[in-house]
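Next comes data.pdb, with PDB, C-alpha atoms.
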MODEL        1
ATOM      1  CA  MET A  16       0.000   0.000   0.000  1.00  0.00           C
ATOM      2  CA  THR A  17       1.460   3.379  -1.024  1.00  0.00           C
ATOM      3  CA  LYS A  18       1.156   6.474   1.084  1.00  0.00           C
ATOM      4  CA  GLN A  19      -0.725   9.231  -0.697  1.00  0.00           C
ATOM      5  CA  ARG A  20       1.127  12.531  -0.850  1.00  0.00           C
ATOM      6  CA  ARG A  21      -0.719  15.411   0.759  1.00  0.00           C
ATOM      7  CA  SER A  22      -0.920  18.796  -0.899  1.00  0.00           C
ATOM      8  CA  PHE A  23      -1.413  22.138   0.801  1.00  0.00           C
ATOM      9  CA  THR A  24      -2.751  25.446  -0.463  1.00  0.00           C
ATOM     10  CA  PRO A  25      -0.484  28.485  -0.656  1.00  0.00           C
ATOM     11  CA  GLU A  26      -2.644  30.064   2.069  1.00  0.00           C
ATOM     12  CA  PHE A  27      -2.022  27.139   4.422  1.00  0.00           C
ATOM     13  CA  LYS A  28       1.707  27.286   3.717  1.00  0.00           C
ATOM     14  CA  ARG A  29       1.791  31.042   4.413  1.00  0.00           C
ATOM     15  CA  GLU A  30      -0.119  30.609   7.667  1.00  0.00           C
ATOM     16  CA  ALA A  31       2.136  27.751   8.745  1.00  0.00           C
ATOM     17  CA  ALA A  32       5.233  29.822   7.988  1.00  0.00           C
ATOM     18  CA  ASP A  33       3.737  32.758   9.898  1.00  0.00           C
ATOM     19  CA  LEU A  34       3.677  30.618  13.044  1.00  0.00           C
ATOM     20  CA  VAL A  35       7.465  30.519  12.868  1.00  0.00           C
ATOM     21  CA  LEU A  36       8.122  33.957  11.412  1.00  0.00           C
ATOM     22  CA  LYS A  37       5.567  36.106  13.226  1.00  0.00           C
ATOM     23  CA  GLN A  38       4.390  34.133  16.251  1.00  0.00           C
ATOM     24  CA  ASN A  39       7.806  32.806  17.280  1.00  0.00           C
ATOM     25  CA  TYR A  40       6.892  29.125  17.307  1.00  0.00           C
ATOM     26  CA  SER A  41       9.794  26.753  16.899  1.00  0.00           C
ATOM     27  CA  TYR A  42       9.798  24.624  13.770  1.00  0.00           C
ATOM     28  CA  ILE A  43       9.123  21.545  15.873  1.00  0.00           C
ATOM     29  CA  GLU A  44       6.192  23.131  17.742  1.00  0.00           C
ATOM     30  CA  ALA A  45       4.588  24.488  14.595  1.00  0.00           C
ATOM     31  CA  SER A  46       4.996  21.297  12.577  1.00  0.00           C
ATOM     32  CA  ARG A  47       3.607  19.117  15.358  1.00  0.00           C
ATOM     33  CA  SER A  48       0.627  21.397  15.981  1.00  0.00           C
ATOM     34  CA  LEU A  49      -0.236  21.370  12.273  1.00  0.00           C
ATOM     35  CA  GLY A  50       0.535  17.706  11.675  1.00  0.00           C
ATOM     36  CA  ILE A  51       3.071  18.391   8.945  1.00  0.00           C
ATOM     37  CA  GLY A  52       6.702  17.495   8.453  1.00  0.00           C
ATOM     38  CA  GLU A  53       9.322  19.791   9.881  1.00  0.00           C
ATOM     39  CA  SER A  54      11.334  19.756   6.655  1.00  0.00           C
ATOM     40  CA  ALA A  55       8.293  20.899   4.649  1.00  0.00           C
ATOM     41  CA  LEU A  56       7.735  23.765   7.078  1.00  0.00           C
ATOM     42  CA  ARG A  57      11.395  24.773   6.813  1.00  0.00           C
ATOM     43  CA  ARG A  58      11.113  24.848   3.005  1.00  0.00           C
ATOM     44  CA  TRP A  59       7.984  27.003   3.182  1.00  0.00           C
ATOM     45  CA  VAL A  60       9.585  29.453   5.621  1.00  0.00           C
ATOM     46  CA  ASP A  61      12.689  29.649   3.444  1.00  0.00           C
ATOM     47  CA  GLN A  62      10.585  30.223   0.329  1.00  0.00           C
ATOM     48  CA  ILE A  63       8.527  32.967   2.033  1.00  0.00           C
ATOM     49  CA  GLN A  64      11.699  34.712   3.202  1.00  0.00           C
ATOM     50  CA  LYS A  65      13.157  34.608  -0.322  1.00  0.00           C
ATOM     51  CA  GLU A  66       9.903  35.856  -1.857  1.00  0.00           C
ATOM     52  CA  HIS A  67       9.838  38.800   0.553  1.00  0.00           C
ATOM     53  CA  LYS A  68      13.335  39.672  -0.701  1.00  0.00           C
ATOM     54  CA  GLY A  69      11.985  39.724  -4.271  1.00  0.00           C
ATOM     55  CA  VAL A  70      13.166  36.327  -5.484  1.00  0.00           C
ATOM     56  CA  THR A  71      10.603  34.699  -7.770  1.00  0.00           C
ATOM     57  CA  PRO A  72      10.556  30.947  -7.063  1.00  0.00           C
ATOM     58  CA  GLN A  73      10.709  28.234  -9.711  1.00  0.00           C
ATOM     59  CA  ASN A  74       7.801  26.397  -8.112  1.00  0.00           C
ATOM     60  CA  LYS A  75       4.424  27.857  -7.189  1.00  0.00           C
ATOM     61  CA  ALA A  76       4.743  31.164  -5.343  1.00  0.00           C
ATOM     62  CA  LEU A  77       3.334  31.558  -1.845  1.00  0.00           C
ATOM     63  CA  THR A  78       3.067  35.313  -1.446  1.00  0.00           C
ATOM     64  CA  PRO A  79       0.363  37.197  -3.374  1.00  0.00           C
ATOM     65  CA  GLU A  80       2.950  39.524  -4.913  1.00  0.00           C
ATOM     66  CA  GLN A  81       5.055  36.684  -6.280  1.00  0.00           C
ATOM     67  CA  GLN A  82       1.905  34.851  -7.448  1.00  0.00           C
ATOM     68  CA  LYS A  83       0.992  37.934  -9.504  1.00  0.00           C
ATOM     69  CA  ILE A  84       4.524  38.124 -10.914  1.00  0.00           C
ATOM     70  CA  GLN A  85       4.324  34.464 -11.964  1.00  0.00           C
ATOM     71  CA  GLU A  86       0.938  35.046 -13.606  1.00  0.00           C
ATOM     72  CA  LEU A  87       2.292  38.033 -15.525  1.00  0.00           C
ATOM     73  CA  GLU A  88       5.432  36.146 -16.575  1.00  0.00           C
ATOM     74  CA  ALA A  89       3.264  33.305 -17.889  1.00  0.00           C
ATOM     75  CA  ARG A  90       1.117  35.798 -19.787  1.00  0.00           C
ATOM     76  CA  ILE A  91       4.194  37.433 -21.310  1.00  0.00           C
ATOM     77  CA  ALA A  92       5.522  34.030 -22.382  1.00  0.00           C
ATOM     78  CA  ARG A  93       2.178  33.173 -24.009  1.00  0.00           C
ATOM     79  CA  LEU A  94       2.047  36.513 -25.835  1.00  0.00           C
ATOM     80  CA  GLU A  95       5.638  36.049 -27.039  1.00  0.00           C
ATOM     81  CA  ARG A  96       4.720  32.626 -28.443  1.00  0.00           C
ATOM     82  CA  GLU A  97       1.669  34.074 -30.180  1.00  0.00           C
ATOM     83  CA  LYS A  98       3.787  36.910 -31.584  1.00  0.00           C
ATOM     84  CA  SER A  99       6.355  34.487 -33.021  1.00  0.00           C
ATOM     85  CA  ILE A 100       3.579  32.424 -34.617  1.00  0.00           C
ATOM     86  CA  LEU A 101       2.119  35.536 -36.241  1.00  0.00           C
ATOM     87  CA  LYS A 102       5.548  36.594 -37.510  1.00  0.00           C
ATOM     88  CA  ARG A 103       6.051  33.171 -39.118  1.00  0.00           C
ATOM     89  CA  LEU A 104       2.611  33.353 -40.736  1.00  0.00           C
ATOM     90  CA  LEU A 105       3.297  36.818 -42.155  1.00  0.00           C
ATOM     91  CA  ARG A 106       6.609  35.685 -43.651  1.00  0.00           C
ATOM     92  CA  SER A 107       4.914  32.810 -45.465  1.00  0.00           C
TER      93      SER A 107
ENDMDL
END
If you convert what's in this file into structure tokens, what do you get?
Amino acid sequence: MTKQRRSFTPEFKREAADLVLKQNYSYIEASRSLGIGESALRRWVDQIQKEHKGVTPQNKALTPEQQKIQELEARIARLEREKSILKRLLRS
């Protein structure tokens, strides 16, 4: 029997990280109270700290600002693809 991997919303991850960052819980206390792995919580806290410094993550962003940046970057990429398709069609 395989163990099913749990997934968490960005909101949950932010709130979990806030226990450590804003409410001064230890990683162990916060992870036990939420029933999550300590290493996952450490990754989320690290990601939040990097996002607050302006680093856009490769994976799904947790902060609303970085989520918006990722959405806009995806839109730019889509528009660039459409533009290159149109250029190829006009050259034909």
Computed interatomic separation between atom CA of Asp61 of chain A and atom CA of Arg20 of chain A (Å)
21.1 Å
Expansion of the PyMOL selection byres ((chain A and resi 81) around 9) into residues, as a list in words
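Those residues are Glu66, His67, Gly69, Val70, Thr71, Pro72, Lys75, Ala76, Leu77, Thr78, Pro79, Glu80, Gln82, Lys83, Ile84, Gln85 and Glu86 of chain A.
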Contacts of segment 36-48 of chain A within 8 Å, all atoms listed in the file, excl. fewer than 6 positions in-chain, as a list of chain:residue names:
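Once the nearby chain positions are removed, what remains is A:Leu56, A:Arg57, A:Val60.
Among A:Ser107, A:Gln64, A:Ser99, A:Asn74, the residue with the shortest atom-to-atom distance to Val35 of chain A, counting only C-alpha atoms, is A:Gln64.
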Measure the distance from atom CA of Gln62 of chain A to atom CA of Ser22 of chain A in Å and round it to one decimal.
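So the two atoms, atom CA of Gln62 of chain A and atom CA of Ser22 of chain A, lie 16.3 Å apart.
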If I only have part of segment 46-72 of chain A, can you fill in N, CA, C and O atoms and write it as an mmCIF file, in the coordinates of the input?
data_model
loop_
_atom_site.group_PDB
_atom_site.id
_atom_site.type_symbol
_atom_site.label_atom_id
_atom_site.label_comp_id
_atom_site.auth_asym_id
_atom_site.auth_seq_id
_atom_site.Cartn_x
_atom_site.Cartn_y
_atom_site.Cartn_z
ATOM 1 N N SER A 46 5.264 22.469 13.415
ATOM 2 C CA SER A 46 4.996 21.297 12.577
ATOM 3 C C SER A 46 4.155 20.262 13.312
ATOM 4 O O SER A 46 3.260 19.657 12.719
ATOM 5 N N ARG A 47 4.412 20.076 14.588
ATOM 6 C CA ARG A 47 3.607 19.117 15.358
ATOM 7 C C ARG A 47 2.175 19.603 15.514
ATOM 8 O O ARG A 47 1.232 18.812 15.408
ATOM 9 N N SER A 48 1.989 20.887 15.781
ATOM 10 C CA SER A 48 0.627 21.397 15.981
ATOM 11 C C SER A 48 -0.193 21.337 14.698
ATOM 12 O O SER A 48 -1.411 21.202 14.743
ATOM 13 N N LEU A 49 0.472 21.419 13.550
ATOM 14 C CA LEU A 49 -0.236 21.370 12.273
ATOM 15 C C LEU A 49 -0.270 19.978 11.655
ATOM 16 O O LEU A 49 -0.956 19.759 10.659
ATOM 17 N N GLY A 50 0.506 19.062 12.211
ATOM 18 C CA GLY A 50 0.535 17.706 11.675
ATOM 19 C C GLY A 50 1.250 17.616 10.335
ATOM 20 O O GLY A 50 0.840 16.859 9.453
ATOM 21 N N ILE A 51 2.301 18.402 10.189
ATOM 22 C CA ILE A 51 3.071 18.391 8.945
ATOM 23 C C ILE A 51 4.531 18.090 9.269
ATOM 24 O O ILE A 51 4.945 18.172 10.427
ATOM 25 N N GLY A 52 5.289 17.776 8.263
ATOM 26 C CA GLY A 52 6.702 17.495 8.453
ATOM 27 C C GLY A 52 7.505 18.765 8.702
ATOM 28 O O GLY A 52 7.231 19.810 8.114
ATOM 29 N N GLU A 53 8.477 18.638 9.559
ATOM 30 C CA GLU A 53 9.322 19.791 9.881
ATOM 31 C C GLU A 53 10.101 20.274 8.663
ATOM 32 O O GLU A 53 10.260 21.483 8.455
ATOM 33 N N SER A 54 10.562 19.350 7.836
ATOM 34 C CA SER A 54 11.334 19.756 6.655
ATOM 35 C C SER A 54 10.462 20.541 5.668
ATOM 36 O O SER A 54 10.932 21.498 5.047
ATOM 37 N N ALA A 55 9.199 20.156 5.530
ATOM 38 C CA ALA A 55 8.293 20.899 4.649
ATOM 39 C C ALA A 55 8.102 22.317 5.171
ATOM 40 O O ALA A 55 8.150 23.286 4.408
ATOM 41 N N LEU A 56 7.908 22.442 6.472
ATOM 42 C CA LEU A 56 7.735 23.765 7.078
ATOM 43 C C LEU A 56 8.981 24.617 6.876
ATOM 44 O O LEU A 56 8.890 25.805 6.550
ATOM 45 N N ARG A 57 10.146 24.030 7.025
ATOM 46 C CA ARG A 57 11.395 24.773 6.813
ATOM 47 C C ARG A 57 11.501 25.261 5.368
ATOM 48 O O ARG A 57 11.930 26.390 5.109
ATOM 49 N N ARG A 58 11.096 24.435 4.413
ATOM 50 C CA ARG A 58 11.113 24.848 3.005
ATOM 51 C C ARG A 58 10.167 26.015 2.772
ATOM 52 O O ARG A 58 10.493 26.971 2.062
ATOM 53 N N TRP A 59 8.966 25.934 3.364
ATOM 54 C CA TRP A 59 7.984 27.003 3.182
ATOM 55 C C TRP A 59 8.483 28.316 3.777
ATOM 56 O O TRP A 59 8.337 29.370 3.161
ATOM 57 N N VAL A 60 9.058 28.251 4.972
ATOM 58 C CA VAL A 60 9.585 29.453 5.621
ATOM 59 C C VAL A 60 10.702 30.042 4.768
ATOM 60 O O VAL A 60 10.738 31.258 4.518
ATOM 61 N N ASP A 61 11.587 29.196 4.284
ATOM 62 C CA ASP A 61 12.689 29.649 3.444
ATOM 63 C C ASP A 61 12.156 30.304 2.168
ATOM 64 O O ASP A 61 12.629 31.368 1.758
ATOM 65 N N GLN A 62 11.157 29.679 1.554
ATOM 66 C CA GLN A 62 10.585 30.223 0.329
ATOM 67 C C GLN A 62 9.932 31.577 0.596
ATOM 68 O O GLN A 62 10.119 32.520 -0.171
ATOM 69 N N ILE A 63 9.181 31.694 1.686
ATOM 70 C CA ILE A 63 8.527 32.967 2.033
ATOM 71 C C ILE A 63 9.580 34.054 2.238
ATOM 72 O O ILE A 63 9.429 35.176 1.753
ATOM 73 N N GLN A 64 10.650 33.731 2.953
ATOM 74 C CA GLN A 64 11.699 34.712 3.202
ATOM 75 C C GLN A 64 12.335 35.172 1.887
ATOM 76 O O GLN A 64 12.595 36.364 1.695
ATOM 77 N N LYS A 65 12.578 34.252 0.974
ATOM 78 C CA LYS A 65 13.157 34.608 -0.322
ATOM 79 C C LYS A 65 12.189 35.456 -1.139
ATOM 80 O O LYS A 65 12.590 36.420 -1.786
ATOM 81 N N GLU A 66 10.898 35.100 -1.103
ATOM 82 C CA GLU A 66 9.903 35.856 -1.857
ATOM 83 C C GLU A 66 9.792 37.285 -1.326
ATOM 84 O O GLU A 66 9.624 38.222 -2.102
ATOM 85 N N HIS A 67 9.890 37.454 -0.019
ATOM 86 C CA HIS A 67 9.838 38.800 0.553
ATOM 87 C C HIS A 67 11.044 39.633 0.141
ATOM 88 O O HIS A 67 10.986 40.861 0.140
ATOM 89 N N LYS A 68 12.141 38.966 -0.218
ATOM 90 C CA LYS A 68 13.335 39.672 -0.701
ATOM 91 C C LYS A 68 13.259 39.929 -2.206
ATOM 92 O O LYS A 68 14.171 40.502 -2.778
ATOM 93 N N GLY A 69 12.177 39.468 -2.850
ATOM 94 C CA GLY A 69 11.985 39.724 -4.271
ATOM 95 C C GLY A 69 12.406 38.605 -5.196
ATOM 96 O O GLY A 69 12.393 38.774 -6.413
ATOM 97 N N VAL A 70 12.756 37.456 -4.661
ATOM 98 C CA VAL A 70 13.166 36.327 -5.484
ATOM 99 C C VAL A 70 11.921 35.557 -5.933
ATOM 100 O O VAL A 70 11.137 35.101 -5.098
ATOM 101 N N THR A 71 11.738 35.456 -7.240
ATOM 102 C CA THR A 71 10.603 34.699 -7.770
ATOM 103 C C THR A 71 10.981 33.224 -7.804
ATOM 104 O O THR A 71 11.968 32.853 -8.435
ATOM 105 N N PRO A 72 10.206 32.372 -7.134
ATOM 106 C CA PRO A 72 10.556 30.947 -7.063
ATOM 107 C C PRO A 72 10.269 30.216 -8.367
ATOM 108 O O PRO A 72 9.458 30.658 -9.174
#
